[in-house]
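Structure file run29.txt with compact mmCIF, C-alpha atoms:
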# COMPACT_ATOMS: atom_id res chain seq x y z
CA MET A 1 -27.13 40.64 -6.18
CA THR A 2 -28.57 44.09 -6.42
CA GLY A 3 -30.21 45.84 -9.31
CA GLU A 4 -32.28 48.91 -9.92
CA ALA A 5 -35.93 47.90 -10.06
CA PRO A 6 -37.19 48.52 -13.59
CA LEU A 7 -40.60 49.43 -12.26
CA GLY A 8 -41.95 50.52 -8.89
CA TRP A 9 -40.48 48.75 -5.87
CA LYS A 10 -43.06 46.91 -3.80
CA ASP A 11 -43.16 46.98 -0.01
CA ARG A 12 -42.61 43.23 -0.09
CA PRO A 13 -40.63 40.97 -2.44
CA VAL A 14 -42.24 39.77 -5.65
CA ARG A 15 -43.57 36.26 -5.04
CA VAL A 16 -42.44 33.82 -7.74
CA LEU A 17 -43.66 30.31 -8.56
CA VAL A 18 -41.16 28.34 -10.66
CA VAL A 19 -42.70 25.67 -12.91
CA ASP A 20 -40.24 23.26 -14.55
CA ASP A 21 -40.05 19.48 -14.76
CA SER A 22 -36.27 19.57 -14.22
CA VAL A 23 -35.25 19.47 -10.56
CA ALA A 24 -31.89 20.93 -11.56
CA ILE A 25 -33.52 23.95 -13.26
CA GLN A 26 -35.81 24.42 -10.26
CA SER A 27 -32.75 24.49 -7.99
CA VAL A 28 -30.84 26.93 -10.23
CA MET A 29 -33.84 29.24 -10.54
CA ARG A 30 -34.42 29.25 -6.79
CA HIS A 31 -30.74 30.03 -6.19
CA VAL A 32 -30.57 32.75 -8.88
CA LEU A 33 -33.78 34.54 -7.91
CA SER A 34 -33.28 34.26 -4.14
CA ARG A 35 -30.07 36.29 -4.50
CA ASP A 36 -32.15 39.34 -5.41
CA PRO A 37 -33.90 41.04 -2.45
CA ARG A 38 -36.80 42.04 -4.71
CA LEU A 39 -37.75 38.41 -5.33
CA GLU A 40 -38.98 35.49 -3.24
CA VAL A 41 -39.46 31.99 -4.67
CA VAL A 42 -42.52 30.76 -2.79
CA ALA A 43 -42.66 27.29 -4.38
CA THR A 44 -41.61 25.11 -7.32
CA ALA A 45 -43.78 22.81 -9.41
CA ARG A 46 -42.90 19.89 -11.70
CA ASP A 47 -45.88 20.12 -14.04
CA ALA A 48 -49.01 22.07 -14.89
CA PHE A 49 -51.23 20.13 -12.52
CA GLU A 50 -49.00 20.73 -9.52
CA ALA A 51 -48.65 24.37 -10.60
CA ARG A 52 -52.42 24.84 -10.62
CA ALA A 53 -52.68 23.73 -6.99
CA LEU A 54 -49.73 25.88 -5.92
CA ILE A 55 -51.17 28.96 -7.63
CA LYS A 56 -54.33 28.57 -5.56
CA ARG A 57 -52.29 28.02 -2.39
CA TYR A 58 -49.69 30.78 -2.71
CA ASN A 59 -51.30 33.33 -5.07
CA PRO A 60 -47.90 34.28 -6.59
CA ASP A 61 -47.24 37.61 -8.30
CA VAL A 62 -45.52 35.99 -11.28
CA LEU A 63 -44.98 32.53 -12.74
CA THR A 64 -41.88 31.29 -14.54
CA LEU A 65 -42.95 28.52 -16.89
CA ASP A 66 -41.05 25.91 -18.88
CA ILE A 67 -42.31 25.18 -22.38
CA GLU A 68 -41.54 21.45 -22.44
CA MET A 69 -43.27 19.59 -19.60
CA PRO A 70 -44.90 16.16 -19.25
CA GLY A 71 -48.67 15.77 -19.25
CA MET A 72 -49.51 19.27 -20.43
CA ASN A 73 -46.88 21.40 -22.12
CA GLY A 74 -46.23 24.98 -21.11
CA LEU A 75 -48.04 26.52 -24.09
CA ASP A 76 -51.25 24.57 -23.44
CA PHE A 77 -51.08 25.47 -19.75
CA LEU A 78 -50.42 29.13 -20.58
CA GLU A 79 -53.42 29.27 -22.91
CA ARG A 80 -55.71 27.85 -20.20
CA LEU A 81 -54.20 30.05 -17.50
CA MET A 82 -54.81 33.21 -19.52
CA ARG A 83 -58.46 32.26 -20.00
CA LEU A 84 -59.24 31.07 -16.49
CA ARG A 85 -56.82 32.84 -14.13
CA PRO A 86 -54.81 35.54 -15.98
CA MET A 87 -51.52 36.41 -14.27
CA PRO A 88 -48.02 37.58 -15.26
CA VAL A 89 -45.99 34.74 -16.80
CA VAL A 90 -42.35 34.64 -17.88
CA MET A 91 -41.48 31.71 -20.14
CA LEU A 92 -38.16 29.85 -19.92
CA SER A 93 -36.88 29.07 -23.40
CA GLY A 94 -33.79 27.94 -25.23
CA TYR A 95 -32.34 29.86 -28.17
CA THR A 96 -32.85 26.93 -30.55
CA GLN A 97 -35.18 27.47 -33.50
CA ALA A 98 -37.85 25.30 -31.86
CA GLY A 99 -37.44 27.18 -28.59
CA SER A 100 -37.67 30.55 -30.32
CA ASP A 101 -40.81 29.55 -32.24
CA ALA A 102 -42.45 28.41 -29.01
CA ALA A 103 -41.37 31.59 -27.23
CA ILE A 104 -43.07 33.78 -29.84
CA GLN A 105 -46.23 31.67 -29.59
CA ALA A 106 -46.15 32.11 -25.80
CA LEU A 107 -45.79 35.88 -26.10
CA ALA A 108 -48.73 35.97 -28.51
CA LEU A 109 -50.77 33.98 -25.97
CA GLY A 110 -50.13 36.60 -23.29
CA ALA A 111 -46.81 35.77 -21.63
CA MET A 112 -45.07 38.95 -20.46
CA ASP A 113 -41.57 37.90 -21.45
CA CYS A 114 -39.29 35.01 -22.38
CA VAL A 115 -35.88 34.51 -20.80
CA PRO A 116 -33.22 31.92 -21.67
CA LYS A 117 -33.01 28.85 -19.49
CA PRO A 118 -30.31 29.31 -16.85
CA SER A 119 -27.02 27.47 -17.27
CA ALA A 120 -23.86 26.96 -15.25
CA GLY A 121 -22.15 29.71 -17.24
CA LEU A 122 -24.47 32.56 -16.27
CA THR A 123 -22.66 35.84 -15.69
CA GLU A 124 -23.61 38.52 -13.17
CA PRO A 125 -25.12 40.84 -15.86
CA VAL A 126 -27.23 37.96 -17.20
CA LEU A 127 -28.43 37.08 -13.70
CA ARG A 128 -29.32 40.71 -13.03
CA ASP A 129 -31.16 40.97 -16.34
CA MET A 130 -33.22 37.86 -15.55
CA ALA A 131 -34.20 39.25 -12.15
CA ASP A 132 -35.04 42.66 -13.62
CA ARG A 133 -37.30 41.12 -16.25
CA ILE A 134 -39.16 38.97 -13.74
CA VAL A 135 -39.72 42.00 -11.49
CA ALA A 136 -40.94 43.98 -14.52
CA ALA A 137 -43.27 41.18 -15.61
CA SER A 138 -44.81 40.96 -12.15
CA GLN A 139 -45.94 44.57 -12.45
CA GLY A 140 -47.15 44.51 -16.03
CA ARG A 141 -50.81 44.68 -16.99
CA VAL A 142 -52.32 41.30 -17.88
CA LEU A 143 -54.77 42.11 -20.66
CA PRO A 144 -57.74 39.86 -21.51
CA GLN A 145 -57.14 37.64 -24.52
CA GLU A 146 -59.49 37.94 -27.47
CA THR A 147 -61.88 35.01 -27.63
CA GLY A 148 -64.42 36.28 -30.17
CA PRO A 149 -64.07 36.70 -33.92
CA ARG A 150 -61.31 38.93 -35.22
CA ARG A 151 -62.14 42.46 -36.28
CA PRO A 152 -63.31 42.83 -39.89
CA ALA A 153 -60.51 42.81 -42.41
CA PRO A 154 -59.38 46.27 -43.51
CA PRO A 155 -59.78 47.39 -47.12
CA LEU A 156 -57.37 45.57 -49.41
CA HIS A 157 -56.04 48.81 -50.86
CA ARG A 158 -55.57 52.37 -49.74
CA THR A 159 -53.96 55.38 -51.34
CA TRP A 160 -50.56 55.75 -49.69
CA SER A 161 -50.03 59.17 -48.12
CA GLY A 162 -46.30 59.08 -48.75
CA ARG A 163 -45.45 58.68 -45.06
CA ILE A 164 -43.35 55.79 -43.82
CA VAL A 165 -44.19 54.21 -40.46
CA LEU A 166 -41.56 53.60 -37.76
CA ILE A 167 -42.64 51.48 -34.77
CA GLY A 168 -40.90 50.84 -31.45
CA ALA A 169 -42.03 48.17 -28.99
CA SER A 170 -40.77 46.11 -26.07
CA THR A 171 -42.59 44.14 -23.34
CA GLY A 172 -46.00 43.10 -24.72
CA GLY A 173 -44.91 44.06 -28.22
CA VAL A 174 -45.55 40.73 -29.94
CA ALA A 175 -49.31 40.88 -29.47
CA ALA A 176 -49.34 44.67 -29.97
CA VAL A 177 -47.51 44.57 -33.31
CA GLU A 178 -49.75 41.73 -34.50
CA THR A 179 -52.80 43.85 -33.66
CA VAL A 180 -51.47 46.81 -35.64
CA LEU A 181 -50.66 44.66 -38.69
CA ALA A 182 -54.08 43.00 -38.52
CA GLY A 183 -55.63 46.41 -39.17
CA MET A 184 -53.38 47.24 -42.13
CA PRO A 185 -54.26 46.75 -45.81
CA VAL A 186 -52.10 44.54 -47.98
CA ASP A 187 -50.49 47.65 -49.50
CA CYS A 188 -49.83 49.30 -46.13
CA PRO A 189 -47.33 52.15 -45.83
CA PRO A 190 -43.69 51.00 -45.62
CA ILE A 191 -43.12 49.94 -42.00
CA VAL A 192 -39.89 49.46 -40.03
CA VAL A 193 -40.14 47.95 -36.53
CA SER A 194 -37.59 48.02 -33.73
CA GLN A 195 -38.70 45.38 -31.21
CA HIS A 196 -36.58 44.57 -28.15
CA MET A 197 -35.94 40.86 -28.63
CA PRO A 198 -33.02 38.44 -29.15
CA PRO A 199 -32.16 37.72 -32.82
CA ALA A 200 -33.44 34.13 -32.80
CA PHE A 201 -36.78 35.29 -31.39
CA LEU A 202 -37.00 38.08 -33.97
CA LYS A 203 -36.48 35.60 -36.80
CA SER A 204 -39.28 33.40 -35.42
CA PHE A 205 -41.52 36.44 -35.01
CA VAL A 206 -40.94 37.52 -38.61
CA ASP A 207 -41.67 33.99 -39.86
CA ARG A 208 -44.91 33.91 -37.85
CA LEU A 209 -46.08 37.27 -39.22
CA GLU A 210 -45.14 36.41 -42.80
CA ALA A 211 -47.33 33.30 -42.55
CA ARG A 212 -50.26 35.09 -40.90
CA PHE A 213 -50.57 38.38 -42.79
CA PRO A 214 -50.82 39.41 -46.45
CA GLN A 215 -48.05 41.99 -46.25
CA SER A 216 -44.44 41.08 -47.04
CA VAL A 217 -42.69 40.69 -43.66
CA ALA A 218 -38.91 40.28 -43.46
CA LEU A 219 -35.79 41.24 -41.53
CA ALA A 220 -34.47 44.73 -42.25
CA LEU A 221 -31.16 43.78 -43.82
CA ASP A 222 -28.76 46.50 -44.90
CA GLY A 223 -29.89 48.08 -48.18
CA VAL A 224 -33.43 46.64 -48.25
CA GLU A 225 -35.81 49.14 -49.86
CA LEU A 226 -38.86 50.52 -48.08
CA LEU A 227 -41.94 49.90 -50.21
CA PRO A 228 -45.72 49.92 -49.69
CA GLY A 229 -46.87 46.51 -48.44
CA ARG A 230 -43.48 45.73 -46.89
CA VAL A 231 -42.92 45.37 -43.12
CA LEU A 232 -39.29 45.17 -41.97
CA PHE A 233 -37.97 44.22 -38.52
CA SER A 234 -34.57 45.17 -37.16
CA PRO A 235 -32.59 41.91 -36.76
CA GLY A 236 -30.91 43.23 -33.61
CA GLY A 237 -27.98 41.17 -32.39
CA ASP A 238 -24.93 43.44 -32.21
CA ALA A 239 -26.17 46.42 -34.23
CA HIS A 240 -29.12 48.76 -34.71
CA THR A 241 -31.31 49.51 -37.74
CA GLY A 242 -31.93 52.92 -39.25
CA VAL A 243 -33.37 54.31 -42.46
CA ASP A 244 -31.55 56.31 -45.13
CA ARG A 245 -32.10 57.91 -48.52
CA ARG A 246 -31.07 56.19 -51.72
CA GLY A 247 -31.94 58.17 -54.80
CA SER A 248 -35.61 59.12 -54.56
CA GLY A 249 -36.43 56.31 -52.14
CA LEU A 250 -35.54 54.98 -48.71
CA ILE A 251 -33.62 51.93 -47.55
CA CYS A 252 -32.72 50.27 -44.26
CA ARG A 253 -29.24 50.73 -42.89
CA ARG A 254 -27.32 48.63 -40.37
CA ILE A 255 -25.94 51.01 -37.74
CA GLU A 256 -22.91 49.92 -35.73
CA GLY A 257 -22.44 51.15 -32.21
CA PRO A 258 -22.92 50.23 -28.55
CA ARG A 259 -26.24 49.30 -27.01
CA ARG A 260 -28.56 52.28 -26.63
CA ASN A 261 -30.71 52.44 -23.52
CA GLY A 262 -29.46 48.90 -22.87
CA HIS A 263 -30.82 47.53 -26.15
CA TYR A 264 -29.99 46.05 -29.52
CA PRO A 265 -31.97 47.16 -31.47
CA SER A 266 -32.74 50.61 -30.11
CA VAL A 267 -35.87 52.56 -31.00
CA ASP A 268 -34.07 55.86 -30.42
CA VAL A 269 -31.48 54.94 -33.07
CA LEU A 270 -34.22 54.08 -35.58
CA PHE A 271 -36.11 57.33 -34.94
CA GLU A 272 -33.02 59.54 -35.02
CA ALA A 273 -31.90 58.09 -38.35
CA ALA A 274 -35.13 59.45 -39.89
CA LEU A 275 -34.65 63.04 -38.74
CA PRO A 276 -33.56 64.33 -42.21
CA PHE A 277 -37.02 63.45 -43.59
CA ALA A 278 -39.06 63.67 -40.39
CA ASP A 279 -42.00 65.40 -42.10
CA ARG A 280 -42.60 62.17 -44.04
CA VAL A 281 -42.64 59.92 -40.98
CA SER A 282 -45.38 58.55 -38.75
CA ALA A 283 -43.72 57.27 -35.55
CA VAL A 284 -45.38 54.91 -33.08
CA LEU A 285 -44.37 53.84 -29.57
CA LEU A 286 -46.14 50.72 -28.36
CA THR A 287 -46.12 48.97 -24.99
CA GLY A 288 -42.72 48.55 -23.39
CA LEU A 289 -40.54 48.97 -20.34
CA GLY A 290 -38.23 51.96 -19.98
CA GLN A 291 -37.86 55.03 -22.15
CA ASP A 292 -36.20 53.85 -25.36
CA GLY A 293 -37.64 55.84 -28.27
CA ALA A 294 -38.96 58.76 -26.23
CA HIS A 295 -36.13 61.18 -27.00
CA GLY A 296 -35.94 60.14 -30.64
CA MET A 297 -39.68 60.63 -30.99
CA LYS A 298 -39.45 64.12 -29.49
CA GLN A 299 -36.84 65.06 -32.08
CA LEU A 300 -38.98 63.64 -34.88
CA ARG A 301 -42.07 65.52 -33.74
CA ASP A 302 -40.11 68.77 -33.45
CA ARG A 303 -39.19 68.34 -37.12
CA GLY A 304 -42.67 67.59 -38.40
CA ALA A 305 -43.30 63.87 -37.85
CA PHE A 306 -46.71 62.65 -36.73
CA CYS A 307 -46.27 60.75 -33.45
CA ILE A 308 -48.59 58.20 -31.84
CA GLY A 309 -48.31 56.63 -28.40
CA GLN A 310 -50.27 53.58 -27.32
CA ASP A 311 -52.58 54.54 -24.46
CA GLU A 312 -52.17 53.28 -20.92
CA ALA A 313 -55.34 51.17 -20.82
CA SER A 314 -54.25 48.97 -23.75
CA SER A 315 -50.53 48.76 -22.83
CA VAL A 316 -49.07 45.75 -21.06
CA VAL A 317 -46.35 48.06 -19.69
CA TYR A 318 -47.01 51.77 -20.08
CA GLY A 319 -43.36 52.74 -19.91
CA MET A 320 -42.10 53.82 -23.32
CA PRO A 321 -45.31 55.64 -24.33
CA ARG A 322 -45.46 57.37 -20.94
CA ALA A 323 -41.86 58.55 -21.25
CA ALA A 324 -42.64 60.04 -24.68
CA ALA A 325 -45.81 61.69 -23.41
CA ASP A 326 -43.91 63.22 -20.49
CA LEU A 327 -41.48 64.79 -22.98
CA GLY A 328 -44.28 66.25 -25.09
CA ALA A 329 -43.29 63.94 -27.95
CA ILE A 330 -46.74 62.56 -28.80
CA ASP A 331 -49.44 64.09 -31.01
CA VAL A 332 -52.10 61.59 -29.93
CA GLN A 333 -52.42 58.61 -27.57
CA LEU A 334 -54.68 55.88 -28.93
CA PRO A 335 -56.04 52.48 -27.95
CA LEU A 336 -54.04 49.76 -29.67
CA GLU A 337 -56.87 48.62 -31.93
CA THR A 338 -57.29 52.08 -33.50
CA ILE A 339 -53.65 52.78 -34.35
CA ALA A 340 -53.69 51.08 -37.77
CA ASP A 341 -56.67 53.14 -38.94
CA GLU A 342 -54.99 56.36 -37.84
CA LEU A 343 -51.77 55.45 -39.65
CA CYS A 344 -53.61 54.68 -42.88
CA ARG A 345 -55.61 57.89 -42.98
CA ARG A 346 -52.76 60.24 -42.18
CA ARG A 347 -52.84 63.37 -44.32
CA PRO A 348 -50.55 63.30 -47.39
CA VAL A 349 -47.09 64.74 -47.01
CA PRO A 350 -46.14 67.97 -48.77
CA SER A 351 -45.48 67.41 -52.46
CA LYS A 352 -41.83 68.46 -52.49
CA GLY A 353 -40.26 65.43 -54.04
CA SER A 354 -40.63 61.70 -53.73
CA LEU A 355 -39.19 59.15 -51.36
CA THR A 356 -40.46 56.21 -53.36
Could you write out this structure as structure tokens?
Amino acid sequence: MTGEAPLGWKDRPVRVLVVDDSVAIQSVMRHVLSRDPRLEVVATARDAFEARALIKRYNPDVLTLDIEMPGMNGLDFLERLMRLRPMPVVMLSGYTQAGSDAAIQALALGAMDCVPKPSAGLTEPVLRDMADRIVAASQGRVLPQETGPRRPAPPLHRTWSGRIVLIGASTGGVAAVETVLAGMPVDCPPIVVSQHMPPAFLKSFVDRLEARFPQSVALALDGVELLPGRVLFSPGGDAHTGVDRRGSGLICRRIEGPRRNGHYPSVDVLFEAALPFADRVSAVLLTGLGQDGAHGMKQLRDRGAFCIGQDEASSVVYGMPRAAADLGAIDVQLPLETIADELCRRRPVPSKGSLT
């Protein structure tokens, strides 16, 4: 199997340690990954304790980790690993509700990505996608996890500037989006997020955020109104999400069409839908692989939107923000923890009618 490396190609194959209590899954993973010349499976482990010894022995570039394991489950092992020996980790997860919930928790703990457990029915595109994502994860930036108290809560109320906020994110986006929302007041500007993630994972992510934050967090179903204090996530699946006018306000729109930049949902589609009212938009590109959102952001900025890119130092993968910066699409690059403050203090939009 061949595939275009999503990030820089190393002089040697990426060294992978597979951790799974199922011998059958170990065998499938070794077979699948060994077909790609960019990858080398250096060892397999049945549990966290064996994995710990093999990490010391082989010093792998990336770990694939099962969530359900005997003795110590994958989430507990991941939490300890990120504290004691941070390294790129890709979780193996099912698409069940329990698997999706655990996958989101793993991403919040610092895992680079989650991929579905392999099955006998894997197609060539699925195999290539799995290999691409493991290569990408091996080259992502493993950021230190916060261990101290959370930053002080933001003011409960702010005067809304009239700008809506559109956010695009991919690899590393779970923790990044949580950080942005943690800095937002309860009556934050209307926010629409396009996060590259399977639908089941997105539903679990929305449920997690709704339980953790004071804002109203939901899926961006067709016709849902954009209001202060409301955060909406594209449900993805087989369509994109955009924004549209309805009367004096704005709503979300389901947008049919093929994948864009390889993704459902696409950030470019979200940004381009807002071009008719670009001067009332603050657009944000967070950590992520590839260039989805860069061209849409350039068009928004050319029409008066205020555009923020997450800076390289705080990005897990500085791909999407870099692509936008290279196009001249960004007004300012900021550390992740300062983006919420910048969004909330944006200057008011021109008083030429209302969108709310």
Counting only C-alpha atoms, give me one row per residue of segment 98-211 of chain A with an atom at most 8 Å from an atom of segment 27-49 of chain A, showing the shortest contact pair and its distance in Å to one decimal, sorted by chain then residue number, as a tab-separated table.
residue	atom	partner	partner_atom	distance
A:Pro118	CA	A:Val28	CA	7.1
A:Leu127	CA	A:Val32	CA	6.8
A:Ala131	CA	A:Leu33	CA	6.4
A:Val135	CA	A:Arg38	CA	7.4
With all atoms listed in the file as the counted atoms, please give the residues lying no more than 7 Å from Met112 of chain A, apart from itself and same-chain residues fewer than 3 positions off, as JSON, numbers by chain. {"A": [88, 89, 90, 107, 137, 171, 172]}
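With distances restricted to only C-alpha atoms, A:Pro144 is the closest residue to Ala313 of chain A from A:Pro190, A:Pro13, A:Gly293, A:Pro144.
Across the model, the gap from atom CA of Gly309 of chain A to atom CA of Pro335 of chain A is 8.8 Å.
For the pair atom CA of Asn261 of chain A and atom CA of Asp302 of chain A, the interatomic distance is 21.3 Å.
You can rank A:Leu327, A:Ala340, A:Leu209, A:Leu65 by their closest distance to Leu78 of chain A using all atoms listed in the file, and at the top of that list sits A:Leu65.
With all atoms listed in the file as the atoms that count, the minimum distance from Cys307 of chain A to the choices A:Ser138, A:Ser194, A:Gln333, A:Thr287 is reached by A:Gln333.
Proximity of A:Ala175, A:Leu181, A:Met130, A:Val165 to Ser314 of chain A, computed with all atoms listed in the file, is greatest for A:Ala175.
The shortest atom-to-atom distance to Gly319 of chain A, with all atoms listed in the file taken into account, belongs to A:Ala294 out of A:Ile339, A:Cys114, A:Ala294, A:Ala24.
Straight-line separation from atom CA of Ile164 of chain A to atom CA of Ser234 of chain A: 15.3 Å.
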Edge lengths and centre in Å to one decimal, as lines of an AutoDock Vina configuration file, is what I'm after for the box along x, y and z that holds all listed atoms of segment 294-307 of chain A once 8 Å is added on each side.
center_x = -41.3
center_y = 63.8
center_z = -32.3
size_x = 26.8
size_y = 26.0
size_z = 28.2
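Distance annotation: of A:Arg212, A:Arg80, A:His263, A:Arg133, the residue with the minimal separation from Pro199 of chain A is A:His263; atom set is only C-alpha atoms.
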